[in-house]
>>> print(open('entry_12.cif').read())   # mmCIF, C-alpha atoms
data_entry
loop_
_atom_site.group_PDB
_atom_site.id
_atom_site.type_symbol
_atom_site.label_atom_id
_atom_site.label_comp_id
_atom_site.auth_asym_id
_atom_site.auth_seq_id
_atom_site.Cartn_x
_atom_site.Cartn_y
_atom_site.Cartn_z
ATOM 1 C CA MET A 827 -72.902 -19.295 55.287
ATOM 2 C CA ALA A 828 -72.196 -16.960 58.187
ATOM 3 C CA ASP A 829 -72.613 -19.816 60.679
ATOM 4 C CA SER A 830 -70.364 -22.019 58.583
ATOM 5 C CA GLY A 831 -67.672 -19.317 58.527
ATOM 6 C CA GLY A 832 -67.980 -18.774 62.284
ATOM 7 C CA GLY A 833 -67.693 -22.501 62.944
ATOM 8 C CA CYS A 834 -64.588 -22.740 60.792
ATOM 9 C CA CYS A 835 -63.052 -19.800 62.628
ATOM 10 C CA ARG A 836 -63.799 -21.410 66.008
ATOM 11 C CA CYS A 837 -62.229 -24.663 64.847
ATOM 12 C CA CYS A 838 -59.115 -22.828 63.685
ATOM 13 C CA CYS A 839 -58.817 -20.942 66.986
ATOM 14 C CA SER A 840 -59.306 -24.162 68.947
ATOM 15 C CA PHE A 841 -56.641 -25.901 66.871
ATOM 16 C CA ILE A 842 -54.177 -23.047 67.334
ATOM 17 C CA PHE A 843 -54.843 -22.944 71.095
ATOM 18 C CA THR A 844 -54.264 -26.697 71.367
ATOM 19 C CA LEU A 845 -51.107 -26.374 69.302
ATOM 20 C CA GLY A 846 -49.866 -23.645 71.621
ATOM 21 C CA LEU A 847 -50.473 -25.804 74.708
ATOM 22 C CA THR A 848 -48.656 -28.688 73.029
ATOM 23 C CA ALA A 849 -45.713 -26.443 72.233
ATOM 24 C CA LEU A 850 -45.603 -25.220 75.835
ATOM 25 C CA PHE A 851 -45.694 -28.800 77.135
ATOM 26 C CA MET A 852 -42.865 -29.801 74.801
ATOM 27 C CA TRP A 853 -40.804 -26.819 75.923
ATOM 28 C CA LEU A 854 -41.303 -27.653 79.606
ATOM 29 C CA SER A 855 -40.506 -31.331 78.970
ATOM 30 C CA LEU A 856 -37.337 -30.760 76.944
ATOM 31 C CA ARG A 857 -35.978 -27.739 78.818
ATOM 32 C CA THR A 858 -32.716 -28.581 80.600
ATOM 33 C CA SER A 859 -30.636 -26.846 83.258
ATOM 34 C CA ASN A 860 -26.876 -27.256 83.530
ATOM 35 C CA PRO A 861 -25.498 -28.789 86.720
ATOM 36 C CA LYS A 862 -24.462 -26.474 89.534
ATOM 37 C CA CYS A 863 -20.741 -26.906 90.098
ATOM 38 C CA SER A 864 -18.844 -25.832 93.221
ATOM 39 C CA ILE A 865 -15.445 -26.403 94.756
ATOM 40 C CA LYS A 866 -15.643 -27.713 98.287
ATOM 41 C CA PHE A 867 -11.987 -28.359 99.141
ATOM 42 C CA LEU A 868 -8.579 -27.435 97.729
ATOM 43 C CA TYR A 869 -5.201 -28.312 99.220
ATOM 44 C CA LEU A 870 -1.663 -27.854 97.917
ATOM 45 C CA PRO A 871 0.780 -29.521 100.360
ATOM 46 C CA SER A 872 3.728 -27.694 98.797
ATOM 47 C CA LEU A 873 2.417 -24.446 100.302
ATOM 48 C CA ASN A 874 2.148 -25.832 103.820
ATOM 49 C CA LYS A 875 4.824 -23.938 105.747
ATOM 50 C CA THR A 876 4.126 -25.805 108.974
ATOM 51 C CA LEU A 877 4.893 -29.245 107.529
ATOM 52 C CA ASN A 878 7.653 -28.010 105.170
ATOM 53 C CA LEU A 879 6.368 -29.954 102.154
ATOM 54 C CA SER A 880 7.645 -27.608 99.462
ATOM 55 C CA THR A 881 8.606 -30.507 97.176
ATOM 56 C CA ASP A 882 5.278 -32.362 97.452
ATOM 57 C CA PRO A 883 3.780 -32.279 93.924
ATOM 58 C CA THR A 884 0.272 -33.377 94.854
ATOM 59 C CA LEU A 885 -2.904 -31.361 94.412
ATOM 60 C CA ASN A 886 -6.046 -32.392 96.287
ATOM 61 C CA PHE A 887 -9.531 -31.094 95.562
ATOM 62 C CA THR A 888 -13.189 -31.910 96.067
ATOM 63 C CA LEU A 889 -16.009 -30.877 93.750
ATOM 64 C CA ARG A 890 -19.728 -30.675 94.474
ATOM 65 C CA LEU A 891 -22.012 -31.272 91.486
ATOM 66 C CA ASP A 892 -25.771 -30.745 91.799
ATOM 67 C CA ASN A 893 -28.344 -31.792 89.230
ATOM 68 C CA PRO A 894 -31.211 -29.251 89.455
ATOM 69 C CA ASN A 895 -33.418 -31.041 86.917
ATOM 70 C CA LYS A 896 -36.551 -32.636 88.372
ATOM 71 C CA ASP A 897 -36.933 -35.396 85.799
ATOM 72 C CA LYS A 898 -33.694 -35.513 83.801
ATOM 73 C CA GLY A 899 -30.484 -37.355 84.577
ATOM 74 C CA ILE A 900 -27.024 -36.110 83.594
ATOM 75 C CA LYS A 901 -24.221 -38.184 82.093
ATOM 76 C CA TYR A 902 -20.811 -36.560 82.578
ATOM 77 C CA ASP A 903 -17.726 -36.992 80.451
ATOM 78 C CA PRO A 904 -14.430 -36.938 82.412
ATOM 79 C CA VAL A 905 -14.352 -33.753 84.503
ATOM 80 C CA ASN A 906 -11.117 -31.786 84.084
ATOM 81 C CA VAL A 907 -9.957 -29.381 86.784
ATOM 82 C CA THR A 908 -7.103 -26.926 86.199
ATOM 83 C CA VAL A 909 -5.552 -24.608 88.783
ATOM 84 C CA TYR A 910 -3.774 -21.421 87.701
ATOM 85 C CA ASP A 911 -1.520 -19.102 89.686
ATOM 86 C CA PHE A 912 -3.599 -15.955 89.136
ATOM 87 C CA SER A 913 -7.061 -14.932 87.978
ATOM 88 C CA ASN A 914 -5.683 -14.097 84.523
ATOM 89 C CA ARG A 915 -4.399 -17.673 84.159
ATOM 90 C CA SER A 916 -0.772 -16.672 83.681
ATOM 91 C CA HIS A 917 0.657 -20.109 84.465
ATOM 92 C CA VAL A 918 -0.758 -23.539 85.152
ATOM 93 C CA ILE A 919 -0.056 -24.841 88.652
ATOM 94 C CA GLY A 920 -1.609 -28.237 88.115
ATOM 95 C CA GLY A 921 -4.793 -30.181 87.708
ATOM 96 C CA GLY A 922 -6.630 -33.458 87.945
ATOM 97 C CA VAL A 923 -9.413 -35.501 86.385
ATOM 98 C CA ILE A 924 -12.587 -37.011 87.795
ATOM 99 C CA GLN A 925 -13.852 -39.986 85.825
ATOM 100 C CA GLY A 926 -17.151 -39.611 84.006
ATOM 101 C CA PHE A 927 -20.316 -40.759 85.766
ATOM 102 C CA TYR A 928 -24.109 -40.692 85.656
ATOM 103 C CA GLN A 929 -26.143 -38.526 88.035
ATOM 104 C CA GLY A 930 -29.845 -39.037 88.639
ATOM 105 C CA HIS A 931 -32.408 -36.231 88.695
ATOM 106 C CA LYS A 932 -32.246 -33.887 91.711
ATOM 107 C CA LYS A 933 -29.156 -35.737 92.961
ATOM 108 C CA LYS A 934 -26.001 -34.257 94.496
ATOM 109 C CA ALA A 935 -22.519 -35.707 94.064
ATOM 110 C CA THR A 936 -19.314 -35.019 95.980
ATOM 111 C CA LYS A 937 -16.200 -36.081 94.071
ATOM 112 C CA ASP A 938 -12.682 -36.210 95.525
ATOM 113 C CA SER A 939 -9.614 -36.313 93.337
ATOM 114 C CA GLN A 940 -5.858 -35.953 93.470
ATOM 115 C CA GLY A 941 -3.729 -34.456 90.734
ATOM 116 C CA THR A 942 -0.230 -33.108 90.281
ATOM 117 C CA ALA A 943 1.081 -29.594 90.856
ATOM 118 C CA ASN A 944 4.105 -27.623 89.729
ATOM 119 C CA THR A 945 5.565 -26.710 93.114
ATOM 120 C CA THR A 946 7.821 -24.002 91.680
ATOM 121 C CA VAL A 947 4.903 -22.125 90.097
ATOM 122 C CA ALA A 948 2.764 -22.614 93.206
ATOM 123 C CA LEU A 949 5.405 -21.183 95.562
ATOM 124 C CA ARG A 950 5.951 -18.172 93.306
ATOM 125 C CA ALA A 951 2.229 -17.389 93.328
ATOM 126 C CA VAL A 952 1.835 -16.853 97.051
ATOM 127 C CA SER A 953 2.567 -13.638 98.968
ATOM 128 C CA GLU A 954 5.112 -13.220 101.771
ATOM 129 C CA ASN A 955 2.588 -14.356 104.379
ATOM 130 C CA GLY A 956 1.975 -17.560 102.446
ATOM 131 C CA THR A 957 -1.529 -16.798 101.149
ATOM 132 C CA GLY A 958 -2.538 -16.688 97.513
ATOM 133 C CA VAL A 959 -5.515 -16.371 95.195
ATOM 134 C CA PHE A 960 -5.672 -19.106 92.590
ATOM 135 C CA ARG A 961 -7.966 -19.625 89.636
ATOM 136 C CA VAL A 962 -9.794 -22.962 89.526
ATOM 137 C CA ASP A 963 -11.394 -23.917 86.206
ATOM 138 C CA MET A 964 -13.534 -26.952 85.458
ATOM 139 C CA SER A 965 -14.462 -28.275 82.031
ATOM 140 C CA THR A 966 -16.503 -31.239 80.872
ATOM 141 C CA ALA A 967 -19.309 -32.233 78.514
ATOM 142 C CA VAL A 968 -22.691 -33.574 79.580
ATOM 143 C CA LYS A 969 -25.663 -35.318 78.034
ATOM 144 C CA PHE A 970 -29.134 -35.075 79.534
ATOM 145 C CA LYS A 971 -31.260 -38.194 79.835
ATOM 146 C CA ILE A 972 -34.904 -37.510 79.039
ATOM 147 C CA ILE A 973 -37.027 -40.611 79.670
ATOM 148 C CA PHE A 974 -35.184 -43.253 77.579
ATOM 149 C CA TRP A 975 -32.992 -41.148 75.310
ATOM 150 C CA TYR A 976 -30.036 -38.767 75.637
ATOM 151 C CA THR A 977 -29.596 -35.298 74.216
ATOM 152 C CA LYS A 978 -26.494 -34.285 72.305
ATOM 153 C CA LYS A 979 -23.447 -33.263 74.336
ATOM 154 C CA HIS A 980 -23.262 -29.809 75.892
ATOM 155 C CA LYS A 981 -19.884 -28.373 76.836
ATOM 156 C CA ILE A 982 -19.504 -26.839 80.276
ATOM 157 C CA ARG A 983 -16.691 -24.477 81.271
ATOM 158 C CA VAL A 984 -16.890 -22.883 84.711
ATOM 159 C CA GLY A 985 -14.434 -21.368 87.163
ATOM 160 C CA ALA A 986 -13.821 -19.211 90.235
ATOM 161 C CA ASP A 987 -11.068 -17.531 92.238
ATOM 162 C CA VAL A 988 -10.089 -19.389 95.401
ATOM 163 C CA LEU A 989 -8.174 -17.934 98.344
ATOM 164 C CA VAL A 990 -5.627 -20.327 99.884
ATOM 165 C CA ASN A 991 -3.991 -19.821 103.297
ATOM 166 C CA ALA A 992 -0.405 -20.411 104.443
ATOM 167 C CA SER A 993 -1.201 -24.085 104.996
ATOM 168 C CA GLY A 994 -2.121 -24.470 101.336
ATOM 169 C CA VAL A 995 -5.810 -24.994 102.151
ATOM 170 C CA LYS A 996 -8.874 -23.225 100.743
ATOM 171 C CA VAL A 997 -9.843 -20.531 103.238
ATOM 172 C CA ASP A 998 -13.599 -20.335 102.754
ATOM 173 C CA ARG A 999 -15.246 -23.385 104.309
ATOM 174 C CA LYS A 1000 -18.391 -22.786 102.314
ATOM 175 C CA LEU A 1001 -18.876 -24.031 98.780
ATOM 176 C CA ILE A 1002 -17.508 -21.683 96.130
ATOM 177 C CA ARG A 1003 -19.754 -21.684 93.068
ATOM 178 C CA LEU A 1004 -17.950 -22.163 89.769
ATOM 179 C CA LYS A 1005 -19.542 -19.756 87.318
ATOM 180 C CA SER A 1006 -19.884 -20.111 83.576
ATOM 181 C CA MET A 1007 -17.207 -18.589 81.370
ATOM 182 C CA ALA A 1008 -19.386 -18.695 78.231
ATOM 183 C CA PRO A 1009 -22.403 -16.616 77.137
ATOM 184 C CA LYS A 1010 -25.597 -18.109 78.536
ATOM 185 C CA MET A 1011 -27.660 -19.791 75.886
ATOM 186 C CA GLY A 1012 -29.531 -22.901 76.871
ATOM 187 C CA SER A 1013 -30.712 -25.435 74.351
ATOM 188 C CA PHE A 1014 -34.304 -24.669 75.324
ATOM 189 C CA CYS A 1015 -33.944 -21.175 73.828
ATOM 190 C CA VAL A 1016 -33.342 -22.724 70.413
ATOM 191 C CA LEU A 1017 -36.307 -25.021 70.934
ATOM 192 C CA VAL A 1018 -38.619 -22.152 71.865
ATOM 193 C CA GLY A 1019 -37.503 -20.203 68.807
ATOM 194 C CA ALA A 1020 -38.281 -23.157 66.565
ATOM 195 C CA LEU A 1021 -41.702 -23.636 68.145
ATOM 196 C CA VAL A 1022 -42.564 -19.953 67.795
ATOM 197 C CA ASN A 1023 -41.598 -20.026 64.120
ATOM 198 C CA PHE A 1024 -43.752 -23.108 63.643
ATOM 199 C CA LEU A 1025 -46.755 -21.420 65.253
ATOM 200 C CA VAL A 1026 -46.323 -18.298 63.129
ATOM 201 C CA PHE A 1027 -46.087 -20.419 59.977
ATOM 202 C CA THR A 1028 -49.265 -22.287 61.008
ATOM 203 C CA LEU A 1029 -51.154 -19.061 61.635
ATOM 204 C CA LEU A 1030 -50.114 -17.594 58.302
ATOM 205 C CA SER A 1031 -51.230 -20.729 56.485
ATOM 206 C CA PHE A 1032 -54.842 -20.076 57.555
ATOM 207 C CA TRP A 1033 -54.908 -16.571 56.039
#
>>> encode(input="entry_12.cif", output="structure tokens")
Amino acid sequence: MADSGGGCCRCCCSFIFTLGLTALFMWLSLRTSNPKCSIKFLYLPSLNKTLNLSTDPTLNFTLRLDNPNKDKGIKYDPVNVTVYDFSNRSHVIGGGVIQGFYQGHKKKATKDSQGTANTTVALRAVSENGTGVFRVDMSTAVKFKIIFWYTKKHKIRVGADVLVNASGVKVDRKLIRLKSMAPKMGSFCVLVGALVNFLVFTLLSFW
């Protein structure tokens, strides 16, 4: 009887250990990371004092989008970019849209676009020397491709402050990372919570 009880206990422990490894594998397989979004270039011709283009309503920008996932593609909805006059988003200067696209795993994409700008608001936002700090926000929704199927859509809202010189061009030549404006909570956290609850329920069922 004692041997029978010990064997049953070993079987239960082995089953629970295997279940734990399976849960860990599922978590690693389904865990997703949001794309890394940066602004590479920003140009407002209306602020260019040298060329005297104060009535030019165009807004030019370039985004850099990196997919950090090793084995998951990303399908983007249209990417919306909005430029504000100050960090507190007092007034909208302008914006543009990048059409939706698919990005393979570990791929990097550089997307150029041209939108429209309110020249009056833009000119009011700069200082006497022609420089200004603008707020650039980006919003979209993405689905992650895992093997042959897609996850549900995840909304992404990121932004950063960008310094523009008297020529209307982004000063920093390096990429400026657009940071999340929402509390961080990845979908994998929900998955882990569900798996932990399942394991606890399984353990309790053996007592």
>>> resolve_selection(input="entry_12.cif", expression="the PyMOL selection byres ((chain A and resi 868) around 10)", output="tab-separated table (two decimals) with C-alpha atoms, in the coordinates of the input")
chain	number	residue	atom	x	y	z
A	865	ILE	CA	-15.44	-26.40	94.76
A	866	LYS	CA	-15.64	-27.71	98.29
A	867	PHE	CA	-11.99	-28.36	99.14
A	869	TYR	CA	-5.20	-28.31	99.22
A	870	LEU	CA	-1.66	-27.85	97.92
A	871	PRO	CA	0.78	-29.52	100.36
A	885	LEU	CA	-2.90	-31.36	94.41
A	886	ASN	CA	-6.05	-32.39	96.29
A	887	PHE	CA	-9.53	-31.09	95.56
A	888	THR	CA	-13.19	-31.91	96.07
A	889	LEU	CA	-16.01	-30.88	93.75
A	909	VAL	CA	-5.55	-24.61	88.78
A	938	ASP	CA	-12.68	-36.21	95.52
A	939	SER	CA	-9.61	-36.31	93.34
A	940	GLN	CA	-5.86	-35.95	93.47
A	962	VAL	CA	-9.79	-22.96	89.53
A	988	VAL	CA	-10.09	-19.39	95.40
A	989	LEU	CA	-8.17	-17.93	98.34
A	990	VAL	CA	-5.63	-20.33	99.88
A	994	GLY	CA	-2.12	-24.47	101.34
A	995	VAL	CA	-5.81	-24.99	102.15
A	996	LYS	CA	-8.87	-23.22	100.74
A	997	VAL	CA	-9.84	-20.53	103.24
>>> residues_near_point(input="entry_12.cif", point="(-21.4, -30.5, 81.1)", cutoff="7 Å", atoms="only C-alpha atoms", output="PyMOL selection string")
chain A and resi 860+902+966-968+980-982
>>> closest_residue(input="entry_12.cif", among="A:Arg961, A:Lys901, A:Lys896, A:Arg890", to="Ala948 (chain A)", atoms="only C-alpha atoms")
A:Arg961
>>> closest_residue(input="entry_12.cif", among="A:Lys898, A:Lys862, A:Arg857, A:Lys875", to="Phe970 (chain A)", atoms="all atoms listed in the file")
A:Lys898
>>> atom_distance(input="entry_12.cif", atom1="CA of Gln925 (chain A)", atom2="CA of Lys969 (chain A)")
14.9 Å
>>> atom_distance(input="entry_12.cif", atom1="CA of Ser859 (chain A)", atom2="CA of Lys971 (chain A)")
11.9 Å
>>> closest_residue(input="entry_12.cif", among="A:Ser916, A:Asn991, A:Ser965, A:Ser953", to="Pro904 (chain A)", atoms="all atoms listed in the file")
A:Ser965
>>> atom_distance(input="entry_12.cif", atom1="CA of Val952 (chain A)", atom2="CA of Thr936 (chain A)")
27.9 Å
>>> residues_around(input="entry_12.cif", residues="Arg983 (chain A)", least_positions_apart="6", cutoff="8 Å", atoms="only C-alpha atoms", output="PDB file with C-alpha atoms, in the frame of the given file")
ATOM      1  CA  ASP A 963     -11.394 -23.917  86.206  1.00  0.00           C
ATOM      2  CA  MET A 964     -13.534 -26.952  85.458  1.00  0.00           C
ATOM      3  CA  SER A 965     -14.462 -28.275  82.031  1.00  0.00           C
ATOM      4  CA  THR A 966     -16.503 -31.239  80.872  1.00  0.00           C
ATOM      5  CA  SER A1006     -19.884 -20.111  83.576  1.00  0.00           C
ATOM      6  CA  MET A1007     -17.207 -18.589  81.370  1.00  0.00           C
ATOM      7  CA  ALA A1008     -19.386 -18.695  78.231  1.00  0.00           C
TER       8      ALA A1008
END
>>> closest_residue(input="entry_12.cif", among="A:Phe912, A:Asp892, A:Glu954, A:Ala992", to="Lys937 (chain A)", atoms="all atoms listed in the file")
A:Asp892
>>> residues_around(input="entry_12.cif", residues="Pro883 (chain A)", least_positions_apart="2", cutoff="12 Å", atoms="only C-alpha atoms", output="number ranges by chain")
A: 869-874, 879-881, 885-886, 919-921, 940-949
>>> closest_residue(input="entry_12.cif", among="A:Gly930, A:Gly899, A:Gly922, A:Gly958", to="Thr977 (chain A)", atoms="all atoms listed in the file")
A:Gly899
